[in-house]
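Following: one structure in structure tokens, then a few remarks.
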Amino acid sequence: MPHHALRFVLFSLFVSITHASDQPKLSAAEQEVVDVHNARTEASNRRDPAAWSRYVAEDCIFSDENGAVHTKADPLAVVAKLPPEYDHSENERDFIVRVYGTTAVLNYRNTVHEQFTDTDLVSEMRMTETYIKQNGSWLLIARQWGKIPVNLRKPVAVDTSAYKDYVGQYVWRPLDEVETLRVKDGRLWSQSGKDEEEYFPAGAETFFIRSDLGSMTFSRDAQDHVTGYIYRGADGQEVHAKKIK
């Protein structure tokens with residue numbers, strides 16, 4: 001990955017300014033784990049690698065959203081060079097803690113804001129941390145995180161009269177649940193089972209939804225009838241959905 005991207009990954013791994021939202025009451029053992037997590041975060045905010053290291057095992061495994069694996073030395077080397085003005089904000093919430101004797105797992109959601117020149121980048125993350133208890137203290141032995149897909153693209157202006165052509169039922173595979181498209185209040189909506197999402201226009205016959213980073217481009221036959229759409233994932237792979245009704 002590019003150097004600046006690696007720097008961002010490791011920075012997010014180590015440094016944060018946390019604003020925790022309301023959290024259900026935890027047991028005493030569960031709260032101990034969260035307290036260690038918070039203490040490690042506070043140490044990184046103070047740019048205190050020595051204090052941070054006390055909560056992290058020497059062979060701790062860090063696995064980022066790109067699938068790369070980092071050692072304990074990686075974040076320490078990067079953060080030591082970062083000025084305080086690079087601090088960003090995070091909203092950690094929805095803490096789930098499981099304690100199994102001397103092993104504990106902490107899972108939580110995190111909204112990360114980072115400022116790059118005049119751009120505020122927002123990432124929705126899900127984090128998982130694993131701890132073991134040694135000499136009466138919890139020690140981080142693994143941390144893995146990944147981005148929750150949230151499409152932040154802005155819709156473009158289109159002629160919504162064409163939406164009626166897309167109304168119908170679609171399937172990706174013969175045994176899949178049917179996806180139904182309909183027009184409501186001049187907007188295009190998709191429903192699969194109980195889930196309903198709006199299709200936002202991204203261009204000529206191309207749409208996106210908020211919960212996915214891909215796009216859907218409708219296909220037509222020689223008679224100009226919509227026959228389906230091509231879903232293009234963020235990784236470039238394609239799925240051809242067929243209109244069945």
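Residue numbers start at 1 in each chain; chains themselves are named A, B, ... in the order of the structure tokens; ligands are numbered from 1 in the order shown.
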Distance query Gly168 in chain A at most 12 Å, only C-alpha atoms, self and fewer than 4 positions along chain excluded, as a PyMOL selection string: chain A and resi 163-164+178-183+188-191+225-229+242-245
Expected answer as a PDB file with N, CA and C atoms, in the first residue's frame: strand (DSSP E or B) residues in range 54-202 of chain A:
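Saved result, result34.pdb, follows:
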```pdb
ATOM      1  N   VAL A  56       0.423  -3.924  26.264  1.00  0.00           N
ATOM      2  CA  VAL A  56       0.491  -4.647  24.987  1.00  0.00           C
ATOM      3  C   VAL A  56       1.575  -5.719  25.051  1.00  0.00           C
ATOM      4  N   ALA A  57       1.221  -6.957  24.702  1.00  0.00           N
ATOM      5  CA  ALA A  57       2.197  -8.038  24.682  1.00  0.00           C
ATOM      6  C   ALA A  57       3.237  -7.801  23.591  1.00  0.00           C
ATOM      7  N   GLU A  58       4.445  -8.286  23.822  1.00  0.00           N
ATOM      8  CA  GLU A  58       5.518  -8.095  22.851  1.00  0.00           C
ATOM      9  C   GLU A  58       5.200  -8.760  21.525  1.00  0.00           C
ATOM     10  N   ASP A  59       4.476  -9.879  21.561  1.00  0.00           N
ATOM     11  CA  ASP A  59       4.140 -10.578  20.320  1.00  0.00           C
ATOM     12  C   ASP A  59       2.704 -10.317  19.879  1.00  0.00           C
ATOM     13  N   CYS A  60       2.138  -9.172  20.299  1.00  0.00           N
ATOM     14  CA  CYS A  60       0.766  -8.813  19.944  1.00  0.00           C
ATOM     15  C   CYS A  60       0.606  -8.761  18.421  1.00  0.00           C
ATOM     16  N   ILE A  61      -0.521  -9.253  17.940  1.00  0.00           N
ATOM     17  CA  ILE A  61      -0.826  -9.257  16.511  1.00  0.00           C
ATOM     18  C   ILE A  61      -1.814  -8.142  16.205  1.00  0.00           C
ATOM     19  N   PHE A  62      -1.448  -7.276  15.270  1.00  0.00           N
ATOM     20  CA  PHE A  62      -2.339  -6.220  14.792  1.00  0.00           C
ATOM     21  C   PHE A  62      -2.691  -6.529  13.331  1.00  0.00           C
ATOM     22  N   SER A  63      -3.969  -6.674  13.049  1.00  0.00           N
ATOM     23  CA  SER A  63      -4.428  -6.974  11.690  1.00  0.00           C
ATOM     24  C   SER A  63      -5.374  -5.871  11.245  1.00  0.00           C
ATOM     25  N   VAL A  69      -0.723  -7.537   8.430  1.00  0.00           N
ATOM     26  CA  VAL A  69      -0.430  -7.869   9.826  1.00  0.00           C
ATOM     27  C   VAL A  69       0.758  -7.030  10.285  1.00  0.00           C
ATOM     28  N   HIS A  70       0.627  -6.391  11.451  1.00  0.00           N
ATOM     29  CA  HIS A  70       1.674  -5.537  12.002  1.00  0.00           C
ATOM     30  C   HIS A  70       2.133  -6.057  13.360  1.00  0.00           C
ATOM     31  N   SER A  89     -10.654  12.499  15.997  1.00  0.00           N
ATOM     32  CA  SER A  89     -11.683  12.117  16.960  1.00  0.00           C
ATOM     33  C   SER A  89     -12.266  10.762  16.595  1.00  0.00           C
ATOM     34  N   GLU A  90     -12.659  10.031  17.619  1.00  0.00           N
ATOM     35  CA  GLU A  90     -13.305   8.744  17.440  1.00  0.00           C
ATOM     36  C   GLU A  90     -14.497   8.653  18.384  1.00  0.00           C
ATOM     37  N   ASN A  91     -15.541   8.014  17.932  1.00  0.00           N
ATOM     38  CA  ASN A  91     -16.695   7.751  18.776  1.00  0.00           C
ATOM     39  C   ASN A  91     -16.796   6.244  18.977  1.00  0.00           C
ATOM     40  N   GLU A  92     -16.263   5.767  20.097  1.00  0.00           N
ATOM     41  CA  GLU A  92     -16.310   4.347  20.417  1.00  0.00           C
ATOM     42  C   GLU A  92     -17.598   4.057  21.167  1.00  0.00           C
ATOM     43  N   ARG A  93     -18.281   2.979  20.768  1.00  0.00           N
ATOM     44  CA  ARG A  93     -19.574   2.677  21.385  1.00  0.00           C
ATOM     45  C   ARG A  93     -19.919   1.205  21.141  1.00  0.00           C
ATOM     46  N   ASP A  94     -21.073   0.810  21.683  1.00  0.00           N
ATOM     47  CA  ASP A  94     -21.576  -0.561  21.517  1.00  0.00           C
ATOM     48  C   ASP A  94     -20.544  -1.588  21.986  1.00  0.00           C
ATOM     49  N   PHE A  95     -19.975  -1.359  23.172  1.00  0.00           N
ATOM     50  CA  PHE A  95     -18.972  -2.282  23.706  1.00  0.00           C
ATOM     51  C   PHE A  95     -19.615  -3.624  24.067  1.00  0.00           C
ATOM     52  N   ILE A  96     -19.006  -4.696  23.586  1.00  0.00           N
ATOM     53  CA  ILE A  96     -19.398  -6.058  23.953  1.00  0.00           C
ATOM     54  C   ILE A  96     -18.153  -6.734  24.523  1.00  0.00           C
ATOM     55  N   VAL A  97     -18.258  -7.235  25.743  1.00  0.00           N
ATOM     56  CA  VAL A  97     -17.110  -7.872  26.396  1.00  0.00           C
ATOM     57  C   VAL A  97     -17.495  -9.291  26.797  1.00  0.00           C
ATOM     58  N   ARG A  98     -16.594 -10.222  26.491  1.00  0.00           N
ATOM     59  CA  ARG A  98     -16.764 -11.607  26.926  1.00  0.00           C
ATOM     60  C   ARG A  98     -15.508 -12.013  27.694  1.00  0.00           C
ATOM     61  N   VAL A  99     -15.695 -12.502  28.910  1.00  0.00           N
ATOM     62  CA  VAL A  99     -14.574 -12.920  29.752  1.00  0.00           C
ATOM     63  C   VAL A  99     -14.653 -14.423  29.966  1.00  0.00           C
ATOM     64  N   TYR A 100     -13.551 -15.104  29.650  1.00  0.00           N
ATOM     65  CA  TYR A 100     -13.465 -16.554  29.808  1.00  0.00           C
ATOM     66  C   TYR A 100     -12.248 -16.870  30.674  1.00  0.00           C
ATOM     67  N   THR A 103      -8.914 -15.102  29.816  1.00  0.00           N
ATOM     68  CA  THR A 103      -8.966 -14.592  28.444  1.00  0.00           C
ATOM     69  C   THR A 103     -10.205 -13.723  28.289  1.00  0.00           C
ATOM     70  N   ALA A 104     -10.092 -12.631  27.552  1.00  0.00           N
ATOM     71  CA  ALA A 104     -11.230 -11.746  27.335  1.00  0.00           C
ATOM     72  C   ALA A 104     -11.210 -11.221  25.902  1.00  0.00           C
ATOM     73  N   VAL A 105     -12.403 -10.995  25.371  1.00  0.00           N
ATOM     74  CA  VAL A 105     -12.564 -10.428  24.031  1.00  0.00           C
ATOM     75  C   VAL A 105     -13.417  -9.172  24.140  1.00  0.00           C
ATOM     76  N   LEU A 106     -12.940  -8.092  23.545  1.00  0.00           N
ATOM     77  CA  LEU A 106     -13.660  -6.820  23.520  1.00  0.00           C
ATOM     78  C   LEU A 106     -13.980  -6.482  22.076  1.00  0.00           C
ATOM     79  N   ASN A 107     -15.257  -6.217  21.803  1.00  0.00           N
ATOM     80  CA  ASN A 107     -15.689  -5.826  20.459  1.00  0.00           C
ATOM     81  C   ASN A 107     -16.484  -4.534  20.573  1.00  0.00           C
ATOM     82  N   TYR A 108     -16.255  -3.613  19.631  1.00  0.00           N
ATOM     83  CA  TYR A 108     -16.971  -2.341  19.686  1.00  0.00           C
ATOM     84  C   TYR A 108     -16.998  -1.678  18.315  1.00  0.00           C
ATOM     85  N   ARG A 109     -17.890  -0.723  18.175  1.00  0.00           N
ATOM     86  CA  ARG A 109     -17.996   0.050  16.938  1.00  0.00           C
ATOM     87  C   ARG A 109     -17.297   1.386  17.142  1.00  0.00           C
ATOM     88  N   ASN A 110     -16.745   1.906  16.048  1.00  0.00           N
ATOM     89  CA  ASN A 110     -15.959   3.133  16.140  1.00  0.00           C
ATOM     90  C   ASN A 110     -16.165   3.975  14.886  1.00  0.00           C
ATOM     91  N   THR A 111     -16.508   5.245  15.088  1.00  0.00           N
ATOM     92  CA  THR A 111     -16.574   6.198  13.977  1.00  0.00           C
ATOM     93  C   THR A 111     -15.354   7.097  14.066  1.00  0.00           C
ATOM     94  N   VAL A 112     -14.516   7.057  13.034  1.00  0.00           N
ATOM     95  CA  VAL A 112     -13.239   7.769  13.035  1.00  0.00           C
ATOM     96  C   VAL A 112     -13.324   8.983  12.112  1.00  0.00           C
ATOM     97  N   HIS A 113     -12.912  10.150  12.618  1.00  0.00           N
ATOM     98  CA  HIS A 113     -12.812  11.379  11.813  1.00  0.00           C
ATOM     99  C   HIS A 113     -11.342  11.765  11.713  1.00  0.00           C
ATOM    100  N   GLU A 114     -10.874  11.967  10.485  1.00  0.00           N
ATOM    101  CA  GLU A 114      -9.506  12.428  10.265  1.00  0.00           C
ATOM    102  C   GLU A 114      -9.531  13.624   9.325  1.00  0.00           C
ATOM    103  N   GLN A 115      -8.729  14.639   9.632  1.00  0.00           N
ATOM    104  CA  GLN A 115      -8.671  15.840   8.816  1.00  0.00           C
ATOM    105  C   GLN A 115      -7.442  15.798   7.911  1.00  0.00           C
ATOM    106  N   PHE A 116      -7.672  15.881   6.600  1.00  0.00           N
ATOM    107  CA  PHE A 116      -6.598  15.972   5.620  1.00  0.00           C
ATOM    108  C   PHE A 116      -6.819  17.250   4.820  1.00  0.00           C
ATOM    109  N   THR A 119     -10.339  18.368   3.992  1.00  0.00           N
ATOM    110  CA  THR A 119     -11.257  17.233   3.881  1.00  0.00           C
ATOM    111  C   THR A 119     -11.345  16.475   5.196  1.00  0.00           C
ATOM    112  N   ASP A 120     -12.571  16.222   5.634  1.00  0.00           N
ATOM    113  CA  ASP A 120     -12.814  15.417   6.824  1.00  0.00           C
ATOM    114  C   ASP A 120     -13.199  14.025   6.362  1.00  0.00           C
ATOM    115  N   LEU A 121     -12.305  13.048   6.584  1.00  0.00           N
ATOM    116  CA  LEU A 121     -12.579  11.674   6.187  1.00  0.00           C
ATOM    117  C   LEU A 121     -13.245  10.936   7.342  1.00  0.00           C
ATOM    118  N   VAL A 122     -14.328  10.246   7.039  1.00  0.00           N
ATOM    119  CA  VAL A 122     -15.091   9.517   8.048  1.00  0.00           C
ATOM    120  C   VAL A 122     -15.030   8.033   7.726  1.00  0.00           C
ATOM    121  N   SER A 123     -14.676   7.213   8.714  1.00  0.00           N
ATOM    122  CA  SER A 123     -14.635   5.764   8.549  1.00  0.00           C
ATOM    123  C   SER A 123     -15.443   5.116   9.664  1.00  0.00           C
ATOM    124  N   GLU A 124     -16.332   4.223   9.283  1.00  0.00           N
ATOM    125  CA  GLU A 124     -17.073   3.424  10.258  1.00  0.00           C
ATOM    126  C   GLU A 124     -16.333   2.105  10.428  1.00  0.00           C
ATOM    127  N   MET A 125     -15.953   1.797  11.659  1.00  0.00           N
ATOM    128  CA  MET A 125     -15.104   0.642  11.925  1.00  0.00           C
ATOM    129  C   MET A 125     -15.756  -0.295  12.941  1.00  0.00           C
ATOM    130  N   ARG A 126     -15.382  -1.568  12.866  1.00  0.00           N
ATOM    131  CA  ARG A 126     -15.710  -2.539  13.902  1.00  0.00           C
ATOM    132  C   ARG A 126     -14.395  -3.135  14.383  1.00  0.00           C
ATOM    133  N   MET A 127     -14.133  -3.026  15.683  1.00  0.00           N
ATOM    134  CA  MET A 127     -12.866  -3.434  16.283  1.00  0.00           C
ATOM    135  C   MET A 127     -13.050  -4.667  17.177  1.00  0.00           C
ATOM    136  N   THR A 128     -12.053  -5.542  17.191  1.00  0.00           N
ATOM    137  CA  THR A 128     -12.035  -6.673  18.113  1.00  0.00           C
ATOM    138  C   THR A 128     -10.658  -6.762  18.753  1.00  0.00           C
ATOM    139  N   GLU A 129     -10.626  -6.800  20.082  1.00  0.00           N
ATOM    140  CA  GLU A 129      -9.375  -6.906  20.833  1.00  0.00           C
ATOM    141  C   GLU A 129      -9.428  -8.133  21.736  1.00  0.00           C
ATOM    142  N   THR A 130      -8.321  -8.849  21.821  1.00  0.00           N
ATOM    143  CA  THR A 130      -8.219 -10.039  22.666  1.00  0.00           C
ATOM    144  C   THR A 130      -7.168  -9.804  23.750  1.00  0.00           C
ATOM    145  N   TYR A 131      -7.515 -10.166  24.978  1.00  0.00           N
ATOM    146  CA  TYR A 131      -6.643  -9.942  26.132  1.00  0.00           C
ATOM    147  C   TYR A 131      -6.421 -11.255  26.887  1.00  0.00           C
ATOM    148  N   ILE A 132      -5.284 -11.328  27.561  1.00  0.00           N
ATOM    149  CA  ILE A 132      -5.054 -12.386  28.536  1.00  0.00           C
ATOM    150  C   ILE A 132      -4.665 -11.715  29.852  1.00  0.00           C
ATOM    151  N   LYS A 133      -4.934 -12.410  30.957  1.00  0.00           N
ATOM    152  CA  LYS A 133      -4.607 -11.847  32.260  1.00  0.00           C
ATOM    153  C   LYS A 133      -3.317 -12.459  32.764  1.00  0.00           C
ATOM    154  N   GLN A 134      -2.325 -11.603  33.015  1.00  0.00           N
ATOM    155  CA  GLN A 134      -1.023 -12.034  33.523  1.00  0.00           C
ATOM    156  C   GLN A 134      -0.656 -11.189  34.726  1.00  0.00           C
ATOM    157  N   SER A 137      -3.105  -8.457  35.687  1.00  0.00           N
ATOM    158  CA  SER A 137      -3.425  -7.356  34.772  1.00  0.00           C
ATOM    159  C   SER A 137      -3.766  -7.901  33.385  1.00  0.00           C
ATOM    160  N   TRP A 138      -4.675  -7.200  32.690  1.00  0.00           N
ATOM    161  CA  TRP A 138      -5.054  -7.584  31.341  1.00  0.00           C
ATOM    162  C   TRP A 138      -4.031  -7.049  30.344  1.00  0.00           C
ATOM    163  N   LEU A 139      -3.657  -7.920  29.386  1.00  0.00           N
ATOM    164  CA  LEU A 139      -2.628  -7.587  28.407  1.00  0.00           C
ATOM    165  C   LEU A 139      -3.177  -7.850  27.008  1.00  0.00           C
ATOM    166  N   LEU A 140      -3.070  -6.848  26.127  1.00  0.00           N
ATOM    167  CA  LEU A 140      -3.559  -6.992  24.758  1.00  0.00           C
ATOM    168  C   LEU A 140      -2.654  -7.959  23.983  1.00  0.00           C
ATOM    169  N   ILE A 141      -3.252  -8.986  23.369  1.00  0.00           N
ATOM    170  CA  ILE A 141      -2.463  -9.941  22.582  1.00  0.00           C
ATOM    171  C   ILE A 141      -2.853  -9.938  21.098  1.00  0.00           C
ATOM    172  N   ALA A 142      -3.993  -9.337  20.767  1.00  0.00           N
ATOM    173  CA  ALA A 142      -4.390  -9.264  19.353  1.00  0.00           C
ATOM    174  C   ALA A 142      -5.409  -8.153  19.178  1.00  0.00           C
ATOM    175  N   ARG A 143      -5.313  -7.465  18.018  1.00  0.00           N
ATOM    176  CA  ARG A 143      -6.288  -6.415  17.689  1.00  0.00           C
ATOM    177  C   ARG A 143      -6.555  -6.468  16.193  1.00  0.00           C
ATOM    178  N   GLN A 144      -7.811  -6.607  15.838  1.00  0.00           N
ATOM    179  CA  GLN A 144      -8.192  -6.675  14.428  1.00  0.00           C
ATOM    180  C   GLN A 144      -9.349  -5.719  14.186  1.00  0.00           C
ATOM    181  N   TRP A 145      -9.322  -5.068  13.036  1.00  0.00           N
ATOM    182  CA  TRP A 145     -10.416  -4.162  12.730  1.00  0.00           C
ATOM    183  C   TRP A 145     -10.676  -4.138  11.232  1.00  0.00           C
ATOM    184  N   GLY A 146     -11.896  -3.746  10.896  1.00  0.00           N
ATOM    185  CA  GLY A 146     -12.273  -3.636   9.495  1.00  0.00           C
ATOM    186  C   GLY A 146     -13.288  -2.530   9.330  1.00  0.00           C
ATOM    187  N   LYS A 147     -13.353  -1.989   8.135  1.00  0.00           N
ATOM    188  CA  LYS A 147     -14.312  -0.929   7.856  1.00  0.00           C
ATOM    189  C   LYS A 147     -15.704  -1.508   7.605  1.00  0.00           C
ATOM    190  N   GLY A 168     -39.614  -3.708 -10.864  1.00  0.00           N
ATOM    191  CA  GLY A 168     -39.760  -5.134 -11.134  1.00  0.00           C
ATOM    192  C   GLY A 168     -39.007  -5.969 -10.126  1.00  0.00           C
ATOM    193  N   GLN A 169     -38.797  -7.238 -10.465  1.00  0.00           N
ATOM    194  CA  GLN A 169     -38.129  -8.176  -9.575  1.00  0.00           C
ATOM    195  C   GLN A 169     -36.825  -8.674 -10.207  1.00  0.00           C
ATOM    196  N   TYR A 170     -35.795  -8.820  -9.365  1.00  0.00           N
ATOM    197  CA  TYR A 170     -34.458  -9.176  -9.831  1.00  0.00           C
ATOM    198  C   TYR A 170     -33.891 -10.273  -8.933  1.00  0.00           C
ATOM    199  N   VAL A 171     -33.035 -11.128  -9.524  1.00  0.00           N
ATOM    200  CA  VAL A 171     -32.319 -12.133  -8.738  1.00  0.00           C
ATOM    201  C   VAL A 171     -30.868 -12.189  -9.196  1.00  0.00           C
ATOM    202  N   GLU A 179     -35.219  -9.602  -5.197  1.00  0.00           N
ATOM    203  CA  GLU A 179     -35.114  -8.177  -4.911  1.00  0.00           C
ATOM    204  C   GLU A 179     -36.195  -7.456  -5.713  1.00  0.00           C
ATOM    205  N   THR A 180     -36.973  -6.643  -5.026  1.00  0.00           N
ATOM    206  CA  THR A 180     -38.057  -5.907  -5.678  1.00  0.00           C
ATOM    207  C   THR A 180     -37.730  -4.418  -5.714  1.00  0.00           C
ATOM    208  N   LEU A 181     -37.784  -3.821  -6.907  1.00  0.00           N
ATOM    209  CA  LEU A 181     -37.574  -2.385  -7.064  1.00  0.00           C
ATOM    210  C   LEU A 181     -38.906  -1.712  -7.310  1.00  0.00           C
ATOM    211  N   ARG A 182     -39.090  -0.592  -6.648  1.00  0.00           N
ATOM    212  CA  ARG A 182     -40.321   0.176  -6.831  1.00  0.00           C
ATOM    213  C   ARG A 182     -40.025   1.654  -6.691  1.00  0.00           C
ATOM    214  N   VAL A 183     -40.931   2.465  -7.172  1.00  0.00           N
ATOM    215  CA  VAL A 183     -40.807   3.918  -7.084  1.00  0.00           C
ATOM    216  C   VAL A 183     -41.751   4.412  -6.001  1.00  0.00           C
ATOM    217  N   LYS A 184     -41.215   5.212  -5.079  1.00  0.00           N
ATOM    218  CA  LYS A 184     -42.022   5.787  -4.004  1.00  0.00           C
ATOM    219  C   LYS A 184     -41.625   7.241  -3.823  1.00  0.00           C
ATOM    220  N   ARG A 187     -38.680   8.451  -5.826  1.00  0.00           N
ATOM    221  CA  ARG A 187     -37.368   7.863  -5.528  1.00  0.00           C
ATOM    222  C   ARG A 187     -37.423   6.365  -5.757  1.00  0.00           C
ATOM    223  N   LEU A 188     -36.273   5.774  -6.086  1.00  0.00           N
ATOM    224  CA  LEU A 188     -36.194   4.347  -6.402  1.00  0.00           C
ATOM    225  C   LEU A 188     -35.766   3.574  -5.160  1.00  0.00           C
ATOM    226  N   TRP A 189     -36.556   2.544  -4.824  1.00  0.00           N
ATOM    227  CA  TRP A 189     -36.293   1.781  -3.616  1.00  0.00           C
ATOM    228  C   TRP A 189     -36.135   0.305  -3.930  1.00  0.00           C
ATOM    229  N   SER A 190     -35.267  -0.352  -3.180  1.00  0.00           N
ATOM    230  CA  SER A 190     -35.031  -1.785  -3.302  1.00  0.00           C
ATOM    231  C   SER A 190     -35.443  -2.466  -2.009  1.00  0.00           C
ATOM    232  N   GLN A 191     -36.122  -3.618  -2.155  1.00  0.00           N
ATOM    233  CA  GLN A 191     -36.509  -4.386  -0.969  1.00  0.00           C
ATOM    234  C   GLN A 191     -36.189  -5.858  -1.190  1.00  0.00           C
ATOM    235  N   SER A 192     -35.452  -6.447  -0.226  1.00  0.00           N
ATOM    236  CA  SER A 192     -35.166  -7.876  -0.194  1.00  0.00           C
ATOM    237  C   SER A 192     -35.560  -8.371   1.185  1.00  0.00           C
ATOM    238  N   ASP A 195     -35.563  -5.975   4.420  1.00  0.00           N
ATOM    239  CA  ASP A 195     -34.601  -4.888   4.241  1.00  0.00           C
ATOM    240  C   ASP A 195     -34.984  -4.019   3.047  1.00  0.00           C
ATOM    241  N   GLU A 196     -35.013  -2.714   3.274  1.00  0.00           N
ATOM    242  CA  GLU A 196     -35.338  -1.759   2.209  1.00  0.00           C
ATOM    243  C   GLU A 196     -34.285  -0.666   2.181  1.00  0.00           C
ATOM    244  N   GLU A 197     -33.780  -0.353   0.996  1.00  0.00           N
ATOM    245  CA  GLU A 197     -32.785   0.691   0.832  1.00  0.00           C
ATOM    246  C   GLU A 197     -33.080   1.491  -0.428  1.00  0.00           C
ATOM    247  N   GLU A 198     -32.699   2.755  -0.377  1.00  0.00           N
ATOM    248  CA  GLU A 198     -32.896   3.606  -1.539  1.00  0.00           C
ATOM    249  C   GLU A 198     -31.751   3.456  -2.529  1.00  0.00           C
ATOM    250  N   TYR A 199     -32.066   3.411  -3.809  1.00  0.00           N
ATOM    251  CA  TYR A 199     -31.089   3.470  -4.882  1.00  0.00           C
ATOM    252  C   TYR A 199     -30.846   4.946  -5.205  1.00  0.00           C
ATOM    253  N   PHE A 200     -29.613   5.408  -4.993  1.00  0.00           N
ATOM    254  CA  PHE A 200     -29.274   6.800  -5.293  1.00  0.00           C
ATOM    255  C   PHE A 200     -28.597   6.875  -6.664  1.00  0.00           C
ATOM    256  N   PRO A 201     -28.964   7.852  -7.492  1.00  0.00           N
ATOM    257  CA  PRO A 201     -28.364   7.951  -8.830  1.00  0.00           C
ATOM    258  C   PRO A 201     -26.911   8.406  -8.782  1.00  0.00           C
ATOM    259  N   ALA A 202     -26.063   7.685  -9.533  1.00  0.00           N
ATOM    260  CA  ALA A 202     -24.642   8.029  -9.625  1.00  0.00           C
ATOM    261  C   ALA A 202     -24.262   8.426 -11.041  1.00  0.00           C
TER     262      ALA A 202
END
```
Could you check how far CA of Asp185 in chain A sits from CA of Thr206 in chain A, in Å to one decimal? 19.4 Å
Run DSSP on the backbone and grab whatever in range 35-177 of chain A lands in alpha helix (DSSP H); send it over as a list of chain:residue names.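 The alpha helix (DSSP H) residues within range 35-177 of chain A come out as A:Asp35, A:Val36, A:His37, A:Asn38, A:Ala39, A:Arg40, A:Thr41, A:Glu42, A:Ala43, A:Ser44, A:Asn45, A:Pro49, A:Ala50, A:Ala51, A:Trp52, A:Ser53, A:Ala73, A:Asp74, A:Pro75, A:Leu76, A:Ala77, A:Val78, A:Val79, A:Tyr163, A:Lys164, A:Asp165, A:Tyr166.
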Asp212 in chain A proximity check over A:Gly233, A:Pro174, A:Gly136, A:Pro75, using only C-alpha atoms: winner is A:Gly233
Looking at only C-alpha atoms, which of A:Asp35, A:Asp74, A:Asp165, A:Asp176 is the one that sits closest to Arg220 in chain A?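 Closest to Arg220 in chain A of all the choices is A:Asp165.
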Counting only C-alpha atoms, which of A:Ala73, A:Ala51, A:Met216, A:Val34 gets nearest to Arg232 in chain A?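 Result for the nearest residue to Arg232 in chain A: A:Met216.
Proximity of A:Ile230, A:Val239, A:Ala68, A:Val158 to Gly203 in chain A, computed with only C-alpha atoms, is greatest for A:Val158.
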To one decimal place in Å, what is the distance between CA of Phe208 in chain A and CA of Ala234 in chain A?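 Interatomic distance, CA of Phe208 in chain A to CA of Ala234 in chain A: 11.2 Å.
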